[in-house]
Amino acid sequence: MPSFLDFEKPIAELQGRIDELRDTAAEGSVDLAADIARLQAKSDKLLKDTFARLTPWQKTQVARHPERPHFKDYVAALFDEFVPLAGDRAFGDDQAILGGFATFRGRKIMVLGHEKGDDTASRLRHNFGMGKPEGYRKAIRLVELANRFGLPIVTLVDTSGAFPGIQAEERGQAEAIARSTEACLNAGVPIVAAIVGEGGSGGAVALAAGNRVLMFEHAVYSVISPEGCASILWRTADKAPEAAEAMRITAQDLKAFGVIDDIVAEPLGGAHRDRVAAIDALGDALSSALDDMVTLAPADLRKDRQAKFLKMGRL
């Protein structure tokens with residue numbers, strides 16, 4: 001059973017009652033099948049109604065759910081013959097950004113993205129998906145390597161933002177992010193980026209400057225986190241729900257603005273409730289996007305990418 005978010009408490013209470021009835025029924029003393037079916041139908045309807053009217057702040061909570069699939073889950077399920085590549089050839093190897101060669105549905109590609117980790121030890125090891133300069137310089141190396149061998153690139157974005165520590169600034173965080181964005185924009189191969197959870201700040205854009213940008217239905221993508229925005233505007237993170245509403249960070253808003261190209265539907269209740277279905281849906285969307293660009297020449301791919309980003313924000 002998935003862990004429930006704050007706004008899902010009524011659903012959690014119903015599910016708890018269903019589990020109690022199932023435990024009682026398992027003892028064999030009484031037939032409770034009808035009661036269980038009635039409560040399950042009520043729970044399913046409540047879940048459907050709740051997720052049909054999520055606020056931007058609630059979508060942010062879903063996007064951050066710790067049980068959503070992460071980079072390693074997508075690699076294990078969608079990509080064969082994955083060969084990880086490590087290091088930036090200058091400072092070290094950042095575990096927040098991973099990547100390497102892989103085969104995707106018969107097509108040789110380069111895949112890279114953010115890894116948040118799924119327990120305390122792995123989250124610390126991957127720095128909660130917050131890349132450092134050496135991570136973005138590793139991304140540059142992998143993008144340039146893919147370009148040299150003519151391999152399409154798939155990026156999976158899931159980060160609250162680049163690591164804001166003093167050491168990262170000392171090693172040129174802003175410059176590394178800018179160079180990573182530049183490398184993606186200049187590549188002569190197809191690039192498909194997918195926002196699979198959080199797409200936060202320049203740390204996300206550095207891997208998301210692709211020809212096609214996909215986004216999960218309940219993912220979020222913004223220049224700053226709602227808490228960060230609220231802290232600047234109202235000097236308190238308590239205003240994060242209001243900030244999320246004003247920033248227009250949802251997939252539906254960003255599709256309307258032309259910032260992303262397609263929305264990938266999630267299973268009812270979010271990707272964490274049915275990871276297999278969510279991963280399969282993303283795989284189909286990635287495959288379709290790559291198929292659309294298979295015949296484009298390097299110059300056309302660069303022009304397509306340039307036109308896509310230059311028209312953003314224009315009326």
# chains A, B, ... in the order shown; residues from 1 in each chain; ligands from 1
$ residues_around --residues "region 77-93 of chain A" --least-positions-apart "5" --cutoff "6 Å" --atoms "only C-alpha atoms" --output "number ranges by chain"
A: 99-104, 134, 137-138
$ residues_around --residues "region 6-13 of chain A" --least-positions-apart "6" --cutoff "7 Å" --atoms "only C-alpha atoms" --output "list in words"
Ser43, Leu46 and Leu47 of chain A
$ residues_around --residues "Arg125 (chain A)" --least-positions-apart "4" --cutoff "9 Å" --atoms "only C-alpha atoms" --output "ChimeraX atom specification"
/A:95-96,116-117,120-121
$ closest_residue --among "A:His70, A:Arg148, A:Arg107, A:Arg171" --to "His126 (chain A)" --atoms "only C-alpha atoms"
A:His70
$ atom_distance --atom1 "CA of Lys311 (chain A)" --atom2 "CA of Leu142 (chain A)"
27.4 Å
$ select_by_dssp --residues "region 18-235 of chain A" --states "alpha helix (DSSP H)" --output "CSV table (one decimal) with N, CA and C atoms, in the first residue's frame"
chain,number,residue,atom,x,y,z
A,18,ILE,N,-11.1,-0.8,5.1
A,18,ILE,CA,-11.2,-1.9,4.2
A,18,ILE,C,-10.2,-3.0,4.6
A,19,ASP,N,-9.0,-2.6,5.0
A,19,ASP,CA,-8.0,-3.6,5.4
A,19,ASP,C,-8.4,-4.3,6.7
A,20,GLU,N,-9.1,-3.5,7.6
A,20,GLU,CA,-9.6,-4.2,8.9
A,20,GLU,C,-10.7,-5.2,8.5
A,21,LEU,N,-11.6,-4.9,7.6
A,21,LEU,CA,-12.6,-5.8,7.2
A,21,LEU,C,-12.0,-7.0,6.6
A,22,ARG,N,-11.0,-6.8,5.7
A,22,ARG,CA,-10.3,-8.0,5.1
A,22,ARG,C,-9.7,-8.9,6.1
A,23,ASP,N,-9.1,-8.3,7.1
A,23,ASP,CA,-8.4,-9.1,8.2
A,23,ASP,C,-9.5,-9.9,8.9
A,24,THR,N,-10.6,-9.3,9.2
A,24,THR,CA,-11.7,-10.0,9.9
A,24,THR,C,-12.2,-11.1,9.0
A,25,ALA,N,-12.4,-10.8,7.7
A,25,ALA,CA,-13.0,-11.8,6.8
A,25,ALA,C,-12.0,-13.0,6.7
A,26,ALA,N,-10.7,-12.7,6.7
A,26,ALA,CA,-9.7,-13.8,6.6
A,26,ALA,C,-9.7,-14.8,7.7
A,33,ALA,N,-17.7,-9.7,2.2
A,33,ALA,CA,-17.4,-9.4,0.8
A,33,ALA,C,-18.2,-8.2,0.3
A,34,ALA,N,-19.5,-8.2,0.6
A,34,ALA,CA,-20.3,-7.1,0.1
A,34,ALA,C,-19.9,-5.8,0.7
A,35,ASP,N,-19.6,-5.8,2.0
A,35,ASP,CA,-19.2,-4.5,2.7
A,35,ASP,C,-17.8,-4.1,2.1
A,36,ILE,N,-16.9,-5.0,1.9
A,36,ILE,CA,-15.6,-4.6,1.4
A,36,ILE,C,-15.7,-4.0,0.0
A,37,ALA,N,-16.6,-4.7,-0.9
A,37,ALA,CA,-16.8,-4.2,-2.2
A,37,ALA,C,-17.4,-2.8,-2.2
A,38,ARG,N,-18.3,-2.5,-1.3
A,38,ARG,CA,-19.0,-1.2,-1.2
A,38,ARG,C,-18.0,-0.1,-0.8
A,39,LEU,N,-17.2,-0.4,0.2
A,39,LEU,CA,-16.2,0.5,0.6
A,39,LEU,C,-15.1,0.8,-0.4
A,40,GLN,N,-14.7,-0.3,-1.1
A,40,GLN,CA,-13.7,-0.2,-2.1
A,40,GLN,C,-14.2,0.7,-3.3
A,41,ALA,N,-15.4,0.5,-3.7
A,41,ALA,CA,-16.0,1.4,-4.7
A,41,ALA,C,-16.0,2.8,-4.3
A,42,LYS,N,-16.3,3.1,-3.0
A,42,LYS,CA,-16.4,4.4,-2.5
A,42,LYS,C,-15.0,5.0,-2.4
A,43,SER,N,-14.0,4.2,-2.1
A,43,SER,CA,-12.6,4.6,-2.0
A,43,SER,C,-12.1,5.0,-3.4
A,44,ASP,N,-12.4,4.1,-4.4
A,44,ASP,CA,-12.0,4.4,-5.8
A,44,ASP,C,-12.5,5.6,-6.3
A,45,LYS,N,-13.8,5.9,-6.0
A,45,LYS,CA,-14.5,7.1,-6.5
A,45,LYS,C,-13.9,8.3,-5.9
A,46,LEU,N,-13.6,8.2,-4.6
A,46,LEU,CA,-13.0,9.4,-3.8
A,46,LEU,C,-11.6,9.7,-4.4
A,47,LEU,N,-10.8,8.6,-4.7
A,47,LEU,CA,-9.5,8.8,-5.3
A,47,LEU,C,-9.6,9.5,-6.6
A,48,LYS,N,-10.5,9.0,-7.4
A,48,LYS,CA,-10.7,9.6,-8.8
A,48,LYS,C,-11.1,11.1,-8.7
A,49,ASP,N,-12.0,11.4,-7.8
A,49,ASP,CA,-12.5,12.7,-7.7
A,49,ASP,C,-11.4,13.6,-7.1
A,50,THR,N,-10.6,13.1,-6.2
A,50,THR,CA,-9.5,13.9,-5.6
A,50,THR,C,-8.5,14.3,-6.6
A,51,PHE,N,-8.1,13.3,-7.4
A,51,PHE,CA,-7.0,13.6,-8.4
A,51,PHE,C,-7.5,14.3,-9.6
A,52,ALA,N,-8.8,14.4,-9.8
A,52,ALA,CA,-9.3,15.2,-10.9
A,52,ALA,C,-9.3,16.7,-10.6
A,56,PRO,N,-2.2,23.1,-7.8
A,56,PRO,CA,-0.7,23.0,-8.1
A,56,PRO,C,0.1,22.6,-6.9
A,57,TRP,N,-0.2,23.0,-5.7
A,57,TRP,CA,0.5,22.6,-4.5
A,57,TRP,C,0.4,21.1,-4.3
A,58,GLN,N,-0.8,20.6,-4.4
A,58,GLN,CA,-1.0,19.2,-4.3
A,58,GLN,C,-0.3,18.4,-5.3
A,59,LYS,N,-0.2,18.9,-6.6
A,59,LYS,CA,0.6,18.2,-7.6
A,59,LYS,C,2.0,18.2,-7.2
A,60,THR,N,2.5,19.3,-6.6
A,60,THR,CA,3.9,19.4,-6.2
A,60,THR,C,4.2,18.3,-5.2
A,61,GLN,N,3.2,18.0,-4.3
A,61,GLN,CA,3.4,17.0,-3.3
A,61,GLN,C,3.4,15.6,-4.0
A,62,VAL,N,2.6,15.4,-5.0
A,62,VAL,CA,2.6,14.1,-5.7
A,62,VAL,C,3.9,13.9,-6.5
A,63,ALA,N,4.4,15.0,-7.1
A,63,ALA,CA,5.6,15.0,-7.8
A,63,ALA,C,6.8,14.6,-6.9
A,71,PHE,N,15.3,7.4,-11.5
A,71,PHE,CA,16.1,7.1,-12.7
A,71,PHE,C,16.5,5.6,-12.8
A,72,LYS,N,17.0,5.0,-11.8
A,72,LYS,CA,17.4,3.6,-11.8
A,72,LYS,C,16.2,2.7,-12.2
A,73,ASP,N,15.0,3.1,-11.7
A,73,ASP,CA,13.8,2.2,-12.0
A,73,ASP,C,13.5,2.3,-13.5
A,74,TYR,N,13.6,3.5,-14.1
A,74,TYR,CA,13.4,3.6,-15.6
A,74,TYR,C,14.4,2.9,-16.4
A,75,VAL,N,15.7,3.0,-15.9
A,75,VAL,CA,16.8,2.3,-16.6
A,75,VAL,C,16.5,0.8,-16.6
A,76,ALA,N,16.2,0.3,-15.4
A,76,ALA,CA,16.0,-1.2,-15.3
A,76,ALA,C,14.9,-1.7,-16.1
A,77,ALA,N,13.8,-0.9,-16.2
A,77,ALA,CA,12.6,-1.4,-16.9
A,77,ALA,C,12.6,-1.1,-18.4
A,78,LEU,N,13.2,0.0,-18.8
A,78,LEU,CA,13.0,0.5,-20.2
A,78,LEU,C,14.3,0.3,-21.1
A,120,THR,N,17.2,6.3,3.0
A,120,THR,CA,18.1,7.3,3.6
A,120,THR,C,19.5,7.2,3.1
A,121,ALA,N,20.1,6.0,3.0
A,121,ALA,CA,21.5,5.9,2.6
A,121,ALA,C,21.6,6.3,1.1
A,122,SER,N,20.7,5.8,0.2
A,122,SER,CA,20.9,6.2,-1.2
A,122,SER,C,20.6,7.6,-1.5
A,123,ARG,N,19.7,8.2,-0.7
A,123,ARG,CA,19.4,9.7,-0.9
A,123,ARG,C,20.6,10.5,-0.5
A,124,LEU,N,21.3,10.1,0.5
A,124,LEU,CA,22.5,10.8,0.9
A,124,LEU,C,23.6,10.6,-0.2
A,125,ARG,N,23.7,9.4,-0.7
A,125,ARG,CA,24.7,9.1,-1.7
A,125,ARG,C,24.4,9.9,-3.0
A,133,PRO,N,28.6,20.8,-9.8
A,133,PRO,CA,29.2,21.1,-11.1
A,133,PRO,C,29.8,19.9,-11.8
A,134,GLU,N,30.4,19.0,-11.1
A,134,GLU,CA,31.0,17.8,-11.7
A,134,GLU,C,29.9,16.9,-12.3
A,135,GLY,N,28.7,17.0,-11.8
A,135,GLY,CA,27.6,16.3,-12.4
A,135,GLY,C,27.2,16.8,-13.7
A,136,TYR,N,27.1,18.2,-13.8
A,136,TYR,CA,26.7,18.8,-15.0
A,136,TYR,C,27.8,18.7,-16.1
A,137,ARG,N,29.1,18.7,-15.6
A,137,ARG,CA,30.2,18.5,-16.5
A,137,ARG,C,30.2,17.1,-17.0
A,138,LYS,N,29.8,16.2,-16.2
A,138,LYS,CA,29.6,14.8,-16.7
A,138,LYS,C,28.6,14.7,-17.8
A,139,ALA,N,27.5,15.4,-17.5
A,139,ALA,CA,26.4,15.5,-18.5
A,139,ALA,C,26.9,16.1,-19.9
A,140,ILE,N,27.7,17.1,-19.8
A,140,ILE,CA,28.3,17.7,-21.0
A,140,ILE,C,29.1,16.7,-21.7
A,141,ARG,N,29.9,15.9,-21.0
A,141,ARG,CA,30.8,14.9,-21.6
A,141,ARG,C,29.9,13.8,-22.3
A,142,LEU,N,28.8,13.4,-21.7
A,142,LEU,CA,28.0,12.4,-22.3
A,142,LEU,C,27.2,12.9,-23.5
A,143,VAL,N,26.8,14.1,-23.4
A,143,VAL,CA,26.1,14.7,-24.6
A,143,VAL,C,27.0,14.8,-25.8
A,144,GLU,N,28.2,15.3,-25.5
A,144,GLU,CA,29.2,15.4,-26.6
A,144,GLU,C,29.6,14.1,-27.2
A,145,LEU,N,29.7,13.1,-26.3
A,145,LEU,CA,30.0,11.7,-26.7
A,145,LEU,C,28.9,11.2,-27.6
A,146,ALA,N,27.7,11.4,-27.2
A,146,ALA,CA,26.5,10.9,-28.0
A,146,ALA,C,26.5,11.6,-29.4
A,147,ASN,N,26.8,12.9,-29.3
A,147,ASN,CA,26.9,13.7,-30.6
A,147,ASN,C,27.9,13.1,-31.5
A,148,ARG,N,29.1,12.8,-31.0
A,148,ARG,CA,30.2,12.3,-31.8
A,148,ARG,C,29.8,11.0,-32.5
A,149,PHE,N,29.0,10.1,-31.8
A,149,PHE,CA,28.7,8.8,-32.3
A,149,PHE,C,27.3,8.8,-33.0
A,166,ILE,N,28.3,26.1,-0.9
A,166,ILE,CA,29.4,27.0,-1.1
A,166,ILE,C,30.4,26.3,-2.0
A,167,GLN,N,30.7,25.0,-1.7
A,167,GLN,CA,31.7,24.3,-2.5
A,167,GLN,C,31.3,24.2,-4.0
A,168,ALA,N,30.0,24.0,-4.2
A,168,ALA,CA,29.5,23.9,-5.6
A,168,ALA,C,29.7,25.3,-6.3
A,169,GLU,N,29.5,26.3,-5.6
A,169,GLU,CA,29.7,27.7,-6.2
A,169,GLU,C,31.1,27.9,-6.5
A,170,GLU,N,32.0,27.4,-5.6
A,170,GLU,CA,33.4,27.6,-5.8
A,170,GLU,C,33.9,26.9,-7.0
A,173,GLN,N,29.3,26.4,-10.3
A,173,GLN,CA,28.0,25.7,-10.5
A,173,GLN,C,27.2,26.4,-11.7
A,174,ALA,N,27.2,27.7,-11.7
A,174,ALA,CA,26.4,28.4,-12.7
A,174,ALA,C,27.0,28.2,-14.1
A,175,GLU,N,28.3,28.2,-14.2
A,175,GLU,CA,29.0,28.0,-15.5
A,175,GLU,C,28.7,26.6,-16.0
A,176,ALA,N,28.8,25.6,-15.1
A,176,ALA,CA,28.6,24.2,-15.5
A,176,ALA,C,27.2,24.0,-16.0
A,177,ILE,N,26.2,24.6,-15.3
A,177,ILE,CA,24.8,24.5,-15.8
A,177,ILE,C,24.6,25.2,-17.1
A,178,ALA,N,25.2,26.3,-17.3
A,178,ALA,CA,25.1,27.0,-18.6
A,178,ALA,C,25.7,26.2,-19.7
A,179,ARG,N,26.9,25.6,-19.4
A,179,ARG,CA,27.6,24.8,-20.4
A,179,ARG,C,26.8,23.6,-20.8
A,180,SER,N,26.1,23.0,-19.8
A,180,SER,CA,25.3,21.8,-20.0
A,180,SER,C,24.1,22.1,-20.9
A,181,THR,N,23.5,23.3,-20.6
A,181,THR,CA,22.4,23.7,-21.4
A,181,THR,C,22.8,24.0,-22.9
A,182,GLU,N,24.0,24.6,-23.0
A,182,GLU,CA,24.6,24.9,-24.3
A,182,GLU,C,24.9,23.6,-25.1
A,183,ALA,N,25.4,22.6,-24.4
A,183,ALA,CA,25.8,21.4,-25.0
A,183,ALA,C,24.5,20.7,-25.6
A,184,CYS,N,23.4,20.7,-24.8
A,184,CYS,CA,22.2,20.2,-25.3
A,184,CYS,C,21.6,20.9,-26.5
A,185,LEU,N,21.7,22.3,-26.5
A,185,LEU,CA,21.2,23.1,-27.6
A,185,LEU,C,22.0,22.9,-28.9
A,186,ASN,N,23.3,22.6,-28.7
A,186,ASN,CA,24.2,22.5,-29.9
A,186,ASN,C,24.3,21.1,-30.5
A,201,SER,N,14.4,24.7,-11.4
A,201,SER,CA,15.4,25.7,-11.7
A,201,SER,C,16.3,25.3,-12.8
A,202,GLY,N,17.5,25.9,-12.8
A,202,GLY,CA,18.5,25.7,-13.9
A,202,GLY,C,19.0,24.2,-13.8
A,203,GLY,N,18.9,23.7,-12.6
A,203,GLY,CA,19.4,22.3,-12.5
A,203,GLY,C,18.6,21.3,-13.3
A,204,ALA,N,17.3,21.7,-13.6
A,204,ALA,CA,16.5,20.9,-14.5
A,204,ALA,C,16.7,21.3,-16.0
A,205,VAL,N,16.7,22.6,-16.3
A,205,VAL,CA,16.9,23.0,-17.6
A,205,VAL,C,18.2,22.5,-18.3
A,206,ALA,N,19.2,22.4,-17.5
A,206,ALA,CA,20.5,21.9,-18.0
A,206,ALA,C,20.4,20.5,-18.7
A,207,LEU,N,19.4,19.7,-18.3
A,207,LEU,CA,19.2,18.4,-19.0
A,207,LEU,C,17.9,18.4,-19.8
A,208,ALA,N,17.2,19.5,-19.8
A,208,ALA,CA,15.9,19.5,-20.5
A,208,ALA,C,15.8,20.3,-21.7
A,226,PRO,N,8.1,26.3,-5.0
A,226,PRO,CA,7.1,27.1,-4.4
A,226,PRO,C,7.6,27.7,-3.1
A,227,GLU,N,8.3,26.9,-2.3
A,227,GLU,CA,8.8,27.4,-1.0
A,227,GLU,C,9.8,28.5,-1.1
A,228,GLY,N,10.7,28.3,-2.1
A,228,GLY,CA,11.7,29.4,-2.4
A,228,GLY,C,11.0,30.7,-2.9
A,229,CYS,N,10.1,30.5,-3.7
A,229,CYS,CA,9.3,31.7,-4.2
A,229,CYS,C,8.6,32.4,-3.1
A,230,ALA,N,7.9,31.6,-2.2
A,230,ALA,CA,7.2,32.2,-1.1
A,230,ALA,C,8.1,32.9,-0.1
A,231,SER,N,9.3,32.3,0.1
A,231,SER,CA,10.3,32.9,1.0
A,231,SER,C,10.8,34.3,0.5
A,232,ILE,N,10.9,34.4,-0.8
A,232,ILE,CA,11.3,35.7,-1.4
A,232,ILE,C,10.2,36.7,-1.4
A,233,LEU,N,9.0,36.3,-1.8
A,233,LEU,CA,7.9,37.3,-1.9
A,233,LEU,C,7.2,37.6,-0.6
$ closest_residue --among "A:Val294, A:Val259, A:Leu214, A:Leu54" --to "Pro152 (chain A)" --atoms "only C-alpha atoms"
A:Val294
$ select_by_dssp --residues "region 181-314 of chain A" --states "strand (DSSP E or B)" --output "PyMOL selection string"
chain A and resi 191-200+212-216+220-222+250+262-264
$ write_last_selection --atoms "C-alpha atoms" --output "PDB file, in the first residue's frame"
ATOM      1  CA  ILE A 191      17.139  14.927 -27.662  1.00  0.00           C
ATOM      2  CA  VAL A 192      13.978  13.961 -25.801  1.00  0.00           C
ATOM      3  CA  ALA A 193      13.678  15.216 -22.230  1.00  0.00           C
ATOM      4  CA  ALA A 194      11.085  13.964 -19.755  1.00  0.00           C
ATOM      5  CA  ILE A 195      10.132  15.718 -16.527  1.00  0.00           C
ATOM      6  CA  VAL A 196       9.278  12.681 -14.411  1.00  0.00           C
ATOM      7  CA  GLY A 197       8.952  14.327 -10.988  1.00  0.00           C
ATOM      8  CA  GLU A 198      10.289  17.725 -10.041  1.00  0.00           C
ATOM      9  CA  GLY A 199      11.823  19.970 -12.653  1.00  0.00           C
ATOM     10  CA  GLY A 200      13.484  22.588 -10.504  1.00  0.00           C
ATOM     11  CA  ARG A 212      10.847  17.396 -27.404  1.00  0.00           C
ATOM     12  CA  VAL A 213      10.032  17.905 -23.739  1.00  0.00           C
ATOM     13  CA  LEU A 214       7.588  15.464 -22.177  1.00  0.00           C
ATOM     14  CA  MET A 215       6.091  15.777 -18.723  1.00  0.00           C
ATOM     15  CA  PHE A 216       4.201  13.425 -16.462  1.00  0.00           C
ATOM     16  CA  VAL A 220       5.989  20.083 -11.828  1.00  0.00           C
ATOM     17  CA  TYR A 221       8.481  22.301 -13.674  1.00  0.00           C
ATOM     18  CA  SER A 222       9.503  25.771 -12.536  1.00  0.00           C
ATOM     19  CA  THR A 250       1.760  22.157 -13.684  1.00  0.00           C
ATOM     20  CA  ASP A 262       3.280  16.470 -24.505  1.00  0.00           C
ATOM     21  CA  ILE A 263       1.759  15.300 -21.230  1.00  0.00           C
ATOM     22  CA  VAL A 264       2.208  11.644 -20.278  1.00  0.00           C
TER      23      VAL A 264
END
$ atom_distance --atom1 "CA of Phe4 (chain A)" --atom2 "CA of Gly269 (chain A)"
10.1 Å
$ atom_distance --atom1 "CA of Leu268 (chain A)" --atom2 "CA of Arg53 (chain A)"
12.4 Å
$ closest_residue --among "A:Pro190, A:Gly165, A:Gly131, A:Pro241" --to "Pro298 (chain A)" --atoms "only C-alpha atoms"
A:Pro190
$ closest_residue --among "A:His114, A:Lys132, A:Arg68, A:Lys239" --to "Asp94 (chain A)" --atoms "only C-alpha atoms"
A:Lys132
